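Visitor: So here's entry.csv (CSV, C-alpha atoms).
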chain,number,residue,atom,x,y,z
A,1,MET,CA,-13.0,19.8,28.3
A,2,ALA,CA,-9.6,19.4,30.0
A,3,GLY,CA,-6.8,18.5,27.7
A,4,GLY,CA,-8.6,19.6,24.5
A,5,PHE,CA,-10.4,16.3,23.8
A,6,PRO,CA,-14.1,15.5,24.3
A,7,PRO,CA,-14.6,13.2,27.4
A,8,ARG,CA,-15.5,10.2,25.3
A,9,ARG,CA,-12.3,10.4,23.1
A,10,ARG,CA,-10.2,11.0,26.2
A,11,ARG,CA,-11.6,7.9,27.8
A,12,THR,CA,-10.9,5.9,24.6
A,13,CYS,CA,-7.3,7.1,24.4
A,14,PHE,CA,-6.8,6.2,28.0
A,15,THR,CA,-8.1,2.7,27.7
A,16,THR,CA,-6.1,2.2,24.6
A,17,ARG,CA,-2.9,3.2,26.3
A,18,LEU,CA,-3.7,0.7,29.1
A,19,ARG,CA,-4.3,-2.1,26.6
A,20,LEU,CA,-1.0,-1.4,24.8
A,21,ARG,CA,0.9,-1.5,28.1
A,22,HIS,CA,-0.8,-4.7,29.4
A,23,PRO,CA,1.1,-7.9,28.6
A,24,ARG,CA,-2.0,-9.8,27.6
A,25,ALA,CA,-3.6,-7.0,25.6
A,26,SER,CA,-6.7,-8.2,23.7
A,27,GLY,CA,-9.2,-6.5,21.5
A,28,ARG,CA,-8.5,-3.8,19.0
A,29,LEU,CA,-5.2,-2.1,19.4
A,30,GLY,CA,-5.1,1.7,19.0
A,31,CYS,CA,-8.1,4.0,19.6
A,32,GLY,CA,-8.1,5.3,16.0
A,33,CYS,CA,-8.7,8.9,17.1
A,34,GLY,CA,-6.0,10.1,14.7
A,35,THR,CA,-5.4,13.2,16.9
A,36,PRO,CA,-1.7,14.1,16.7
A,37,GLY,CA,0.0,13.9,20.1
A,38,CYS,CA,-2.8,12.2,22.0
A,39,GLY,CA,-0.4,9.6,23.3
A,40,CYS,CA,-2.4,6.5,22.4
A,41,GLY,CA,0.3,5.3,20.0
A,42,THR,CA,-1.9,4.8,16.9
A,43,GLU,CA,0.5,6.8,14.7
A,44,VAL,CA,3.5,4.6,15.7
A,45,LEU,CA,1.5,1.4,15.5
A,46,ARG,CA,0.2,2.2,12.0
A,47,ALA,CA,3.7,3.1,10.8
A,48,ALA,CA,5.1,-0.2,12.2
A,49,LEU,CA,2.3,-2.4,10.8
A,50,LEU,CA,2.1,-0.9,7.3
A,51,PRO,CA,5.2,-2.5,5.6
A,52,LEU,CA,4.7,-5.8,7.4
A,53,ALA,CA,1.0,-6.0,6.5
A,54,VAL,CA,1.7,-5.3,2.8
A,55,GLU,CA,4.3,-8.1,2.6
A,56,ARG,CA,2.0,-10.6,4.4
A,57,LEU,CA,-1.0,-9.7,2.3
A,58,LEU,CA,0.8,-10.8,-0.9
A,59,GLU,CA,1.9,-14.1,0.7
A,60,GLY,CA,-1.6,-15.3,1.0
A,61,GLU,CA,-3.0,-13.8,4.2
A,62,ALA,CA,-5.6,-11.7,2.4
A,63,ARG,CA,-8.8,-12.5,4.3
A,64,ARG,CA,-7.4,-11.7,7.6
A,65,LEU,CA,-5.5,-8.6,6.6
A,66,VAL,CA,-8.0,-6.6,4.5
A,67,PRO,CA,-9.8,-5.3,7.6
A,68,LEU,CA,-6.4,-4.1,8.9
A,69,PHE,CA,-5.9,-2.1,5.7
A,70,GLU,CA,-9.2,-0.5,6.2
A,71,TRP,CA,-8.0,0.5,9.7
A,72,LEU,CA,-4.7,1.8,8.4
A,73,GLY,CA,-6.6,4.1,6.0
A,74,ASP,CA,-5.3,6.3,3.3
A,75,GLU,CA,-1.7,5.8,4.4
A,76,ALA,CA,-1.7,2.3,3.1
A,77,VAL,CA,-3.1,3.2,-0.4
A,78,PRO,CA,0.1,4.1,-2.2
A,79,ARG,CA,2.0,1.0,-0.9
A,80,LEU,CA,-0.9,-1.3,-1.8
A,81,VAL,CA,-1.1,0.1,-5.3
A,82,ALA,CA,2.7,-0.1,-5.7
A,83,ARG,CA,2.9,-3.7,-4.6
A,84,LEU,CA,0.1,-4.7,-6.8
A,85,GLY,CA,1.8,-3.0,-9.7
A,86,LEU,CA,5.1,-4.6,-9.1
A,87,LEU,CA,3.8,-8.2,-9.1
A,88,ASP,CA,4.7,-10.3,-12.2
A,89,ARG,CA,1.9,-11.1,-14.5
A,90,PRO,CA,0.0,-13.5,-14.5
A,91,LEU,CA,-0.4,-13.4,-10.8
A,92,ALA,CA,0.6,-16.3,-8.6
A,93,PRO,CA,-2.3,-18.0,-6.6
A,94,PRO,CA,-1.6,-16.3,-3.2
A,95,ALA,CA,-1.3,-12.9,-4.9
A,96,ARG,CA,-4.4,-13.6,-7.0
A,97,GLY,CA,-6.4,-14.2,-3.8
A,98,ALA,CA,-5.1,-10.9,-2.3
A,99,ALA,CA,-6.0,-9.0,-5.4
A,100,GLU,CA,-9.5,-10.6,-5.4
A,101,GLN,CA,-10.0,-9.3,-1.8
A,102,LEU,CA,-8.6,-5.9,-2.6
A,103,ARG,CA,-11.1,-5.4,-5.4
A,104,LYS,CA,-13.6,-4.6,-2.6
A,105,HIS,CA,-11.3,-2.0,-0.9
A,106,ASP,CA,-12.7,1.4,0.0
A,107,SER,CA,-10.1,3.3,-2.1
A,108,ALA,CA,-10.8,3.6,-5.8
A,109,ARG,CA,-7.0,3.5,-6.5
A,110,VAL,CA,-6.6,0.2,-4.8
A,111,ARG,CA,-9.7,-1.3,-6.6
A,112,LEU,CA,-8.4,-0.1,-10.0
A,113,ALA,CA,-4.9,-1.6,-9.3
A,114,ALA,CA,-6.4,-4.9,-8.2
A,115,ARG,CA,-8.6,-5.0,-11.3
A,116,ALA,CA,-5.6,-4.3,-13.5
A,117,ALA,CA,-3.5,-7.0,-11.8
A,118,LEU,CA,-6.3,-9.5,-12.3
A,119,ASP,CA,-7.2,-8.4,-15.8
A,120,GLY,CA,-4.1,-10.0,-17.5
A,121,ARG,CA,-4.2,-7.5,-20.4
A,122,GLY,CA,-0.7,-6.3,-19.5
A,123,THR,CA,1.4,-9.4,-19.9
A,124,HIS,CA,5.0,-9.3,-18.6
A,125,SER,CA,6.5,-7.2,-21.5
A,126,SER,CA,3.7,-5.6,-23.4
A,127,ALA,CA,3.2,-1.9,-24.2
A,128,ALA,CA,0.1,-1.9,-22.0
A,129,ARG,CA,2.2,-3.2,-19.1
A,130,VAL,CA,4.8,-0.5,-19.7
A,131,GLU,CA,2.2,2.2,-19.6
A,132,GLU,CA,0.8,0.8,-16.4
A,133,LEU,CA,4.2,0.8,-14.7
A,134,ALA,CA,4.9,4.3,-15.9
A,135,SER,CA,1.6,5.7,-14.6
A,136,LEU,CA,2.1,3.9,-11.2
A,137,ARG,CA,5.6,5.3,-10.9
A,138,ALA,CA,4.3,8.8,-11.6
A,139,GLY,CA,1.6,8.4,-9.0
A,140,LEU,CA,4.2,7.2,-6.4
A,141,ARG,CA,6.3,10.2,-7.1
A,142,ARG,CA,3.3,12.5,-6.4
A,143,SER,CA,2.5,10.6,-3.2
A,144,ALA,CA,6.1,10.8,-2.1
A,145,ALA,CA,6.1,14.6,-2.7
A,146,ALA,CA,3.0,14.9,-0.5
A,147,ALA,CA,4.2,12.4,2.2
A,148,ALA,CA,3.8,13.7,5.8
A,149,THR,CA,7.0,12.1,7.2
A,150,PRO,CA,10.5,11.7,5.8
A,151,GLU,CA,10.4,8.0,6.5
A,152,GLU,CA,7.2,7.6,4.4
A,153,ARG,CA,8.7,9.8,1.7
A,154,ALA,CA,11.8,7.6,1.6
A,155,ALA,CA,9.8,4.4,1.4
A,156,LEU,CA,7.7,5.7,-1.5
A,157,GLU,CA,10.7,6.9,-3.3
A,158,GLU,CA,12.2,3.4,-2.9
A,159,LEU,CA,9.1,1.9,-4.5
A,160,ALA,CA,9.3,4.4,-7.3
A,161,ALA,CA,12.9,3.3,-7.9
A,162,ALA,CA,11.7,-0.3,-8.1
A,163,PHE,CA,9.3,0.7,-10.8
A,164,SER,CA,12.2,2.5,-12.7
A,165,GLU,CA,14.3,-0.7,-12.4
A,166,LYS,CA,11.4,-2.8,-13.8
A,167,LEU,CA,11.0,-0.4,-16.7
A,168,ARG,CA,14.8,-0.6,-17.4
A,169,ASP,CA,14.5,-4.3,-17.4
A,170,LEU,CA,11.7,-4.2,-19.9
A,171,ALA,CA,13.6,-1.8,-22.1
A,172,ASP,CA,16.6,-4.1,-22.2
A,173,ARG,CA,15.0,-7.4,-22.7
A,174,GLY,CA,11.5,-6.6,-24.0
A,175,GLU,CA,9.9,-9.2,-26.2
A,176,SER,CA,8.5,-6.7,-28.7
A,177,ALA,CA,10.0,-3.6,-30.3
A,178,LYS,CA,6.9,-1.6,-29.3
A,179,ALA,CA,7.3,-2.5,-25.6
A,180,CYS,CA,11.0,-1.7,-25.7
A,181,TYR,CA,10.4,1.7,-27.3
A,182,ALA,CA,7.5,2.5,-24.8
A,183,ALA,CA,9.8,1.5,-21.8
A,184,ARG,CA,12.6,3.8,-23.1
A,185,ARG,CA,10.2,6.6,-23.6
A,186,ALA,CA,8.7,6.1,-20.1
A,187,LEU,CA,12.2,6.2,-18.5
A,188,ARG,CA,12.9,9.6,-20.1
A,189,ARG,CA,9.9,11.1,-18.4
Represent the structure from my file as structure tokens, please.
Guide:
Amino acid sequence: MAGGFPPRRRRTCFTTRLRLRHPRASGRLGCGCGTPGCGCGTEVLRAALLPLAVERLLEGEARRLVPLFEWLGDEAVPRLVARLGLLDRPLAPPARGAAEQLRKHDSARVRLAARAALDGRGTHSSAARVEELASLRAGLRRSAAAAATPEERAALEELAAAFSEKLRDLADRGESAKACYAARRALRR
């Protein structure tokens, strides 16, 4: 076992590196081994694809991108949950299609966020929507504290700041006194 990898994994990493270098690379990019330092480039590829894939997903590319999120794995979960939480209610048709597709995701957090986005119980400025935003912001802060890289931590903290801004907006111009009070209370936490 030269190099510390089993022969099959070594061969997969080697062919993946060749595909990534080849100008007409076809097939699945990245070996998916997840071994730090193997040189196959999956860590870099995942980090580069994650923000772009989340944006494209909510623009209506749901059917083609859901398998990509399964390949990206647990790293994509906090961003997917955050983006679904930040969407205005009721959902626009492209975002509704993405949420429908994400209801079948492997992660329970993503399925729950997609169901909440489709549910419609939390209209734009209701107390239920404020509680949803506050709990998602708290979850993002926990994910940011446990992030592996400083870049991921900064991206998750930026999303948490977007939730704080949305809560401030609801506190300032909420349609009901109950929603305004709930938003102010959530901002103090």
Visitor: Rounded to one decimal place, report the atom CA of Val81 of chain A-atom CA of Val110 of chain A distance in Å.
Guide: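 Interatomic distance here is 5.5 Å.
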Visitor: So how far away is atom CA of Ala117 of chain A from atom CA of Pro90 of chain A, in Å?
Guide: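 Straight-line distance from atom CA of Pro90 of chain A to atom CA of Ala117 of chain A works out to 7.9 Å.
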Visitor: Considering all atoms listed in the file, state which residue in the set A:Arg184, A:Arg89, A:Arg137, A:Arg56 is at the smallest distance from Ala161 of chain A.
Guide: A:Arg137
Visitor: Provide the atom CA of Ala98 of chain A to atom CA of Val44 of chain A distance in Å, to one decimal place.
Guide: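 Atom CA of Ala98 of chain A sits 25.3 Å away from atom CA of Val44 of chain A.
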Visitor: Please write as an MDAnalysis selection string the list of polymer residues whose atoms come within 8 Å of (5.3, 4.1, -18.3), counting only C-alpha atoms and keeping to the coordinates of the file.
Guide: chainID A and resid 129:137 167 182:183 185:187
Visitor: Using only C-alpha atoms, which residues sit within 12 Å of Arg96 of chain A once same-chain residues fewer than 4 positions away are excluded, as an MDAnalysis selection string?
Guide: chainID A and resid 57:62 84 87:92 100:103 114:120
